[in-house]
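Notes for the one structure printed next.
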Amino acid sequence: MKVVMLAAGRSKRMKPIEDKNFLSFLGKPLLVHQLEILKKAGISEVILVGGKHNLEKIGAMAKSLKIKIEIVEQKNLELGMCGAVLAAKDLIKGEEVMVLSSNDVVDVKAFKLILKAAEKGGAESFIIGKKVFEYFPGGYLETDKKGFIKNIVEKPEPGTEPSDLVNLVVHIHKDANSLIKYLEKADSKKDDLYEQALAKMMRDGVKMMAVEYDGFWQPLKYPWHVHSVFTYLFSQAKKEIAKSAKIAKRATINGEVIIGENVKVFDGAVINGPCYIGDNTVIATNALVRDSNVGKNCVIGYITEVARSVLGDEVWTHSNYIGDSVIGNNVSFGAGSVTGNLRLDEKNIQVSFDGKKMDARTNKFGAIIGNNVRVGVNTSLMPGIKVGGGSFIGAGIVVPEDVADNSFVRGEWKLKISENRENIASLDRKKFKNKL
Amino acid sequence: MKVVMLAAGRSKRMKPIEDKNFLSFLGKPLLVHQLEILKKAGISEVILVGGKHNLEKIGAMAKSLKIKIEIVEQKNLELGMCGAVLAAKDLIKGEEVMVLSSNDVVDVKAFKLILKAAEKGGAESFIIGKKVFEYFPGGYLETDKKGFIKNIVEKPEPGTEPSDLVNLVVHIHKDANSLIKYLEKADSKKDDLYEQALAKMMRDGVKMMAVEYDGFWQPLKYPWHVHSVFTYLFSQAKKEIAKSAKIAKRATINGEVIIGENVKVFDGAVINGPCYIGDNTVIATNALVRDSNVGKNCVIGYITEVARSVLGDEVWTHSNYIGDSVIGNNVSFGAGSVTGNLRLDEKNIQVSFDGKKMDARTNKFGAIIGNNVRVGVNTSLMPGIKVGGGSFIGAGIVVPEDVADNSFVRGEWKLKISENRENIASLDRKKFKNKL
Amino acid sequence: MKVVMLAAGRSKRMKPIEDKNFLSFLGKPLLVHQLEILKKAGISEVILVGGKHNLEKIGAMAKSLKIKIEIVEQKNLELGMCGAVLAAKDLIKGEEVMVLSSNDVVDVKAFKLILKAAEKGGAESFIIGKKVFEYFPGGYLETDKKGFIKNIVEKPEPGTEPSDLVNLVVHIHKDANSLIKYLEKADSKKDDLYEQALAKMMRDGVKMMAVEYDGFWQPLKYPWHVHSVFTYLFSQAKKEIAKSAKIAKRATINGEVIIGENVKVFDGAVINGPCYIGDNTVIATNALVRDSNVGKNCVIGYITEVARSVLGDEVWTHSNYIGDSVIGNNVSFGAGSVTGNLRLDEKNIQVSFDGKKMDARTNKFGAIIGNNVRVGVNTSLMPGIKVGGGSFIGAGIVVPEDVADNSFVRGEWKLKISENRENIASLDRKKFKNKL
């Protein structure tokens, strides 16, 4: 069987985080985690479909893996999943094929379930139906009593869902040739050629079976999905504190943590797991890191709090609050700067995409910051804003809106300067001291 | 003997703190503390005079007390103490009556002293004279050698006080009927009908005896009186740490504290008594609470300092400095927000009432914040300002003046945005690391 | 032999720090340290040349020393070193003379080396040549093979230095009369009469020998030189923690420290040596002091960091970051105020002198603050700025430029105030609590 993983997407919704396939969790790109999960399911060869923008990076990464990778390029990204599968046409012809998306993080159980179902047979295609317990705006599987799929209903009105099973892009097609034929004939004005092809197959009587799955699933589409992916990957990883790590006597570590080589945790610092701390990172005096992924070569400086955030490598903080945020590589925060993560009215955070606000469906969400950003002292980033890569944010300001890549944002200061007529030198300060 | 406690005042000077009778200390409203002090003096029945605005609350509270309460309504609050006593006319007729104000906090000793003096007899009225050691702007008792009061001199010029005894509203009148008669005839254009009635009684030869008292007395008229009331009530209370409280191993508790049920004190946190910490409150990592009353269900977040302040319930802080402040219920502070509590010139703090500045007679005083307030990140409240209930204060601003109830205060931001031409990605950051 | 130490300079480049001779390190003025170093080299009598501005202070200081001091006044400060030596003319006539500057801090070894060389003889003048390993903009000694100096080349272009030996003002002249004669005839339009006299002497065949020295040398000309002087003086001092100091059980002291009488170090505080903490100073809860000199009677308040800085006496901080800074006496910082010490572009800090920017040759440098300054809450001082003595800096502002002495700098606040229509009282906050 051939396994095709679609990884050509442009990660537009994740901006300014570049290519989510290479977003790093526990020191490894997401794509590596995805391949390792497949490996656990017994899959040792994968066809990766990339785009012009990431082919080279995928290639470099593939070399270091224990899984065999073939890389193909999807030329026209507009053709979506359909174009991606067709890009691999020559490699899957005449075979059984599993189609996966690199954007969906699922437990190894999902792969094992569908492989088992396909082995057992009884249908020509198999689709994982993720059992949901509350409304999710996806494609719902309409099944008959035997579990055969009659239709996939895209984003039905809440309350009108035909089932509690959502179409998850973990599909097996016994006959790749048939799939290819339908894909080549698919026609749609929207980004749903693959889905239209499946619909046509069903209409033509191709038997598709729903494989019910109730395990972890997190589509990684928006920045507020990042933390959940961290939580899952952490839960599956081996918990270990490197022998070369130096944990000060008065530091505290609670819960489960992974701490890398040469990490230093200074006195008074507290790490509340789940936490991943990358190699060579310093958690300085009295800092607090909780429920977060901190990359390598970071400095979580004195009295900084990092909470429920995913930080890249070379992130330097210093007396900051970084909450519910996603931070790229090589980012610094000046003393006293803060990522606001809760609105005054405590309503859900709204994030802008192409000028439109989108509800992040959580009332706690901070900033999304690209690579190579510097933030000055005592600056406040409002909840849900994005700071583009290569940008500088000046001191003492409130940043209420998204900042484009390579911007320099500064405050305009109006100061009143007058003569100071108070003679403070003559004050007796001893009287204050007893108030300490 | 009938005890009449006057509790109908509108607490105008305490705004935005509503009805000081219900300001909570050590988890109980002030009025409950007042009644408990009376109970200790052997008084088991009290007539409470309320106003339309608080009758219901007083009623609800009275049910749960071990002391017997009769509640009467003072209809016309303009008539002050005189109107309050007359509101209770039918209940005190023909009796000996003790008149008290719910606004004055005194030690049980004061009640014991006056009860003993009244029992001993020798006069028709008895008035506690609080011995003062420095000028206080109150009514001074002018007495003869035998301790009989000849006159009460209201707010004499400093240096012209007729004695060192200040009229404290702990009065006993042996003949309520006589008092009522004088009160009904009293006539004044000012808010001093009760005082005028007493003056007339003295002029008519009614014998009034000064009962000297040198114990604790704190009139609760202005917000800067609140902390002193806390200090006193705390000193009288049983010190106890609930068994259900969880104090982390690396937390420190110095001095006397009262810690409620299910309180959590995290590592690195320090509590320097006297401190009251209400039920279910969290004192988070590396926070510092000193000489303060913190209500229930509060979160004193990471690296917050609360000093010499009285906080209500459901107050959430996060990397803040709350100093010399009075905070209502359900209030949150964003990370980095601060209550300034000391002027640059270190002079006394001035507080506004109806547009007029008043000297708080202390150079350390912070903010007075009503219920249901939200303060954004990195915002600074200037010393002595009042923030009305239901208000939102935006991020990154300096609030130099009082904020009315239900206001939304925001900064206006002028930002310069230009292209950033620095290529920070190319910088070698290794050279910094040795500066850690 | 007579030793003349020139101490009449006006310290213009150190403003707003007044007279660098009296800048305090380890609890003692720099001048006292200088004299103590001379004492170690066996010198027990020194002629101090002061100016009108510091004669009195020098006199007062001299009384308490174990070294014998004669003080002379240099009337015309424009005449520089030449004028200074001539001011001492009557005291050195007919003697061997050593000429030193109070601005150069060097190890005792330098004095020992030159004294030994002079004793050995073979030349009429001896000049310490400080061996440098990278370009320094000073006067380079051009020597012949035998070590005799042919010329002193002032600030050559980098790469054209005639040697690696820089003229350090530790000079011995066997014949003061000859020196005086040349000085009296010297003529120059620049501030280099002394150097011109030496050049003329060399041209006239007076033998001058270079004495090579590779030990510590720090000219104290600019504020960014201060920390290096601290580091050196600390390295030479006896490390001791006073018995009267109270170090809390949960405080941490790493590395070498000197801690004065009655110092208090509270729980959670960390001191990372080298650090000097003056008498009666408090290092409060969870504060961090590292690689710094803190004067006496200071309060390093809760969660303050002081890093690589030199603080005078009576400095009060409170939740601040003071980095790479020089702070005078009697200075306070409000909560959340910060000395920025790193540019966003991480280039070298520029400091203004008389309107011209000067490169501090380090990318980490903070503020230089004079005596009797108050800084409000949440204010940010940009890297390399100077705040004049007696100034007040208001709350919540960014100070981008130098502040003159006795200034009052305030922000201008534009706030939008509207009605708040959110009913926050009705929100259920329980759902947040599990995010703690």
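Residue numbering restarts at 1 for every chain of the structure tokens, chains are lettered A, B, ... in their displayed order, and ligands are numbered from 1 as they appear.
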
* **For Met382 of chain C: contacts at 9 Å, only C-alpha atoms, fewer than 2 positions along chain excluded, given as a PyMOL selection string** => (chain A and resi 377+395) or (chain C and resi 338-343+366-367+380+384-385+398-401)

Output the selection as a PDB file, in the first residue's frame - C-alpha atoms for each residue.
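Here's the written file part.pdb:
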```pdb
ATOM      1  CA  VAL A 377      10.435  47.358  27.098  1.00  0.00           C
ATOM      2  CA  ALA A 395       9.085  50.569  23.842  1.00  0.00           C
TER       3      ALA A 395
ATOM      4  CA  VAL C 338      12.772  49.966  33.558  1.00  0.00           C
ATOM      5  CA  THR C 339      16.142  51.099  32.280  1.00  0.00           C
ATOM      6  CA  GLY C 340      16.291  49.808  28.720  1.00  0.00           C
ATOM      7  CA  ASN C 341      19.823  48.552  28.086  1.00  0.00           C
ATOM      8  CA  LEU C 342      19.735  46.976  24.632  1.00  0.00           C
ATOM      9  CA  ARG C 343      18.609  48.478  21.343  1.00  0.00           C
ATOM     10  CA  GLY C 366      21.410  51.517  30.473  1.00  0.00           C
ATOM     11  CA  ALA C 367      20.835  54.881  32.134  1.00  0.00           C
ATOM     12  CA  SER C 380      10.886  53.324  30.399  1.00  0.00           C
ATOM     13  CA  GLY C 384      22.212  55.355  27.208  1.00  0.00           C
ATOM     14  CA  ILE C 385      20.152  58.320  28.398  1.00  0.00           C
ATOM     15  CA  VAL C 398       9.116  56.532  27.464  1.00  0.00           C
ATOM     16  CA  VAL C 399      12.069  58.869  27.938  1.00  0.00           C
ATOM     17  CA  PRO C 400      13.985  58.821  24.671  1.00  0.00           C
ATOM     18  CA  GLU C 401      16.488  61.604  25.358  1.00  0.00           C
TER      19      GLU C 401
END
```

* Just the residues within 9 Å of Phe111 of chain A, please, counting only C-alpha atoms, with nothing from its chain fewer than 3 positions along; format it as JSON, numbers by chain. => {"A": [37, 38, 41, 106, 107, 108, 114, 115, 116, 128, 170]}

Emit the selected residues as a PDB file, in the first residue's frame, including N, CA and C atoms.
```pdb
ATOM      1  N   ILE A  37       4.468   9.013  13.962  1.00  0.00           N
ATOM      2  CA  ILE A  37       3.191   8.376  14.319  1.00  0.00           C
ATOM      3  C   ILE A  37       2.854   7.289  13.286  1.00  0.00           C
ATOM      4  N   LEU A  38       3.087   7.606  12.009  1.00  0.00           N
ATOM      5  CA  LEU A  38       2.841   6.604  10.955  1.00  0.00           C
ATOM      6  C   LEU A  38       3.732   5.381  11.151  1.00  0.00           C
ATOM      7  N   ALA A  41       2.428   3.007  13.417  1.00  0.00           N
ATOM      8  CA  ALA A  41       1.302   2.229  12.883  1.00  0.00           C
ATOM      9  C   ALA A  41       1.795   1.182  11.885  1.00  0.00           C
ATOM     10  N   VAL A 106      -3.473  13.199  14.528  1.00  0.00           N
ATOM     11  CA  VAL A 106      -4.335  12.156  15.113  1.00  0.00           C
ATOM     12  C   VAL A 106      -3.467  11.111  15.787  1.00  0.00           C
ATOM     13  N   ASP A 107      -4.102  10.353  16.607  1.00  0.00           N
ATOM     14  CA  ASP A 107      -3.402   9.300  17.328  1.00  0.00           C
ATOM     15  C   ASP A 107      -3.118   8.126  16.391  1.00  0.00           C
ATOM     16  N   VAL A 108      -2.082   7.388  16.720  1.00  0.00           N
ATOM     17  CA  VAL A 108      -1.716   6.205  15.932  1.00  0.00           C
ATOM     18  C   VAL A 108      -2.895   5.244  15.792  1.00  0.00           C
ATOM     19  N   ILE A 114      -7.999   2.096  10.601  1.00  0.00           N
ATOM     20  CA  ILE A 114      -8.354   2.099   9.183  1.00  0.00           C
ATOM     21  C   ILE A 114      -7.600   1.000   8.422  1.00  0.00           C
ATOM     22  N   LEU A 115      -6.351   0.757   8.849  1.00  0.00           N
ATOM     23  CA  LEU A 115      -5.591  -0.326   8.201  1.00  0.00           C
ATOM     24  C   LEU A 115      -6.278  -1.673   8.438  1.00  0.00           C
ATOM     25  N   LYS A 116      -6.749  -1.838   9.676  1.00  0.00           N
ATOM     26  CA  LYS A 116      -7.428  -3.090  10.017  1.00  0.00           C
ATOM     27  C   LYS A 116      -8.728  -3.240   9.225  1.00  0.00           C
ATOM     28  N   ILE A 128     -11.972   7.582   7.896  1.00  0.00           N
ATOM     29  CA  ILE A 128     -12.082   7.714   9.349  1.00  0.00           C
ATOM     30  C   ILE A 128     -13.181   8.736   9.661  1.00  0.00           C
ATOM     31  N   VAL A 170      -8.084  10.752   6.702  1.00  0.00           N
ATOM     32  CA  VAL A 170      -7.351   9.488   6.812  1.00  0.00           C
ATOM     33  C   VAL A 170      -8.209   8.513   6.001  1.00  0.00           C
TER      34      VAL A 170
END
```

* Asked: Residues of chain B within 6 Å of chain A, using only C-alpha atoms, as an MDAnalysis selection string?
  -> chainID B and resid 374 396 414:420 425

* **For atom CA of Met202 of chain C and atom CA of Glu96 of chain C, the interatomic separation in Å (one decimal)** =>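 Between these atoms lies a distance of 18.0 Å.
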
* To do: Pick out each residue of segment 133-364 of chain B that DSSP on the backbone tags as strand (DSSP E); I need them as a ChimeraX atom specification.
  => /B:139-143,149-154,165-173,208-213,217-219,246-247,252-254,257-259,264-265,270-277,282-283,288-294,299-300,305-307,310-311,315-317,321-323,326-327,331-333,338-339,350-353,356-359

* Asked: Residues at most 10 Å from Gly138 of chain A, counting only C-alpha atoms, excluding those fewer than 6 positions away in the same chain, as a ChimeraX atom specification?
  -> /A:152-156,161,165-168

* What's the 6 Å shell around Thr317 of chain A, counting only C-alpha atoms, without same-chain residues fewer than 3 positions away, as a ChimeraX atom specification? -> /A:300-301,332-333

Would you save the residues from that selection as a CSV table (one decimal), in the first residue's frame, using C-alpha atoms?
```csv
chain,number,residue,atom,x,y,z
A,300,ILE,CA,13.3,32.6,30.0
A,301,GLY,CA,14.6,35.5,32.0
A,332,SER,CA,13.3,39.0,22.1
A,333,PHE,CA,11.1,40.8,24.6
```

* Which neighbours of Gln74 of chain B fall inside 9 Å, counting only C-alpha atoms, when residues of the same chain fewer than 5 positions from it are skipped, and could you give them as a PyMOL selection string? -> chain B and resi 8+49-52+79+83-88

Could you take the residues named above and write them with C-alpha atoms, as a CSV table (one decimal), in the first residue's frame?
```csv
chain,number,residue,atom,x,y,z
B,8,ALA,CA,-28.4,54.6,57.7
B,49,VAL,CA,-31.4,52.0,62.1
B,50,GLY,CA,-31.0,51.6,58.3
B,51,GLY,CA,-32.0,53.5,55.2
B,52,LYS,CA,-34.0,52.5,52.2
B,79,LEU,CA,-31.9,64.6,59.5
B,83,GLY,CA,-33.5,61.5,62.6
B,84,ALA,CA,-32.0,58.1,63.2
B,85,VAL,CA,-32.6,58.1,66.9
B,86,LEU,CA,-36.2,59.5,66.4
B,87,ALA,CA,-36.8,56.6,63.8
B,88,ALA,CA,-36.3,54.3,66.8
```

* So how far away is atom CA of Lys364 of chain B from atom CA of Tyr213 of chain B, in Å? -> 29.0 Å

* To do: Determine, counting only C-alpha atoms, which protein, DNA and RNA residues have an atom within 10 Å of an atom of segment 228-230 of chain C; residues of the same chain fewer than 2 positions away are not included. Present the result as an MDAnalysis selection string.
  => chainID C and resid 24:26 30 104:106 216:220 224:226 232:235 274:276 291:293 308:310

* **Within 7 Å of segment 180-182 of chain B using only C-alpha atoms, minus same-chain residues under 3 positions, as a PyMOL selection string** => chain B and resi 86+176-177+185-186+197

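In this structure, atom CA of Asp192 of chain C sits 25.8 Å away from atom CA of Leu113 of chain C.
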
* To do: Return the single residue from A:Gly328, A:Thr231, A:Lys386, A:Gly255 that is closest to Asp19 of chain A, with distances computed using only C-alpha atoms.
  =>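 Looking only at the distances to Asp19 of chain A, the closest residue turns out to be A:Gly328.
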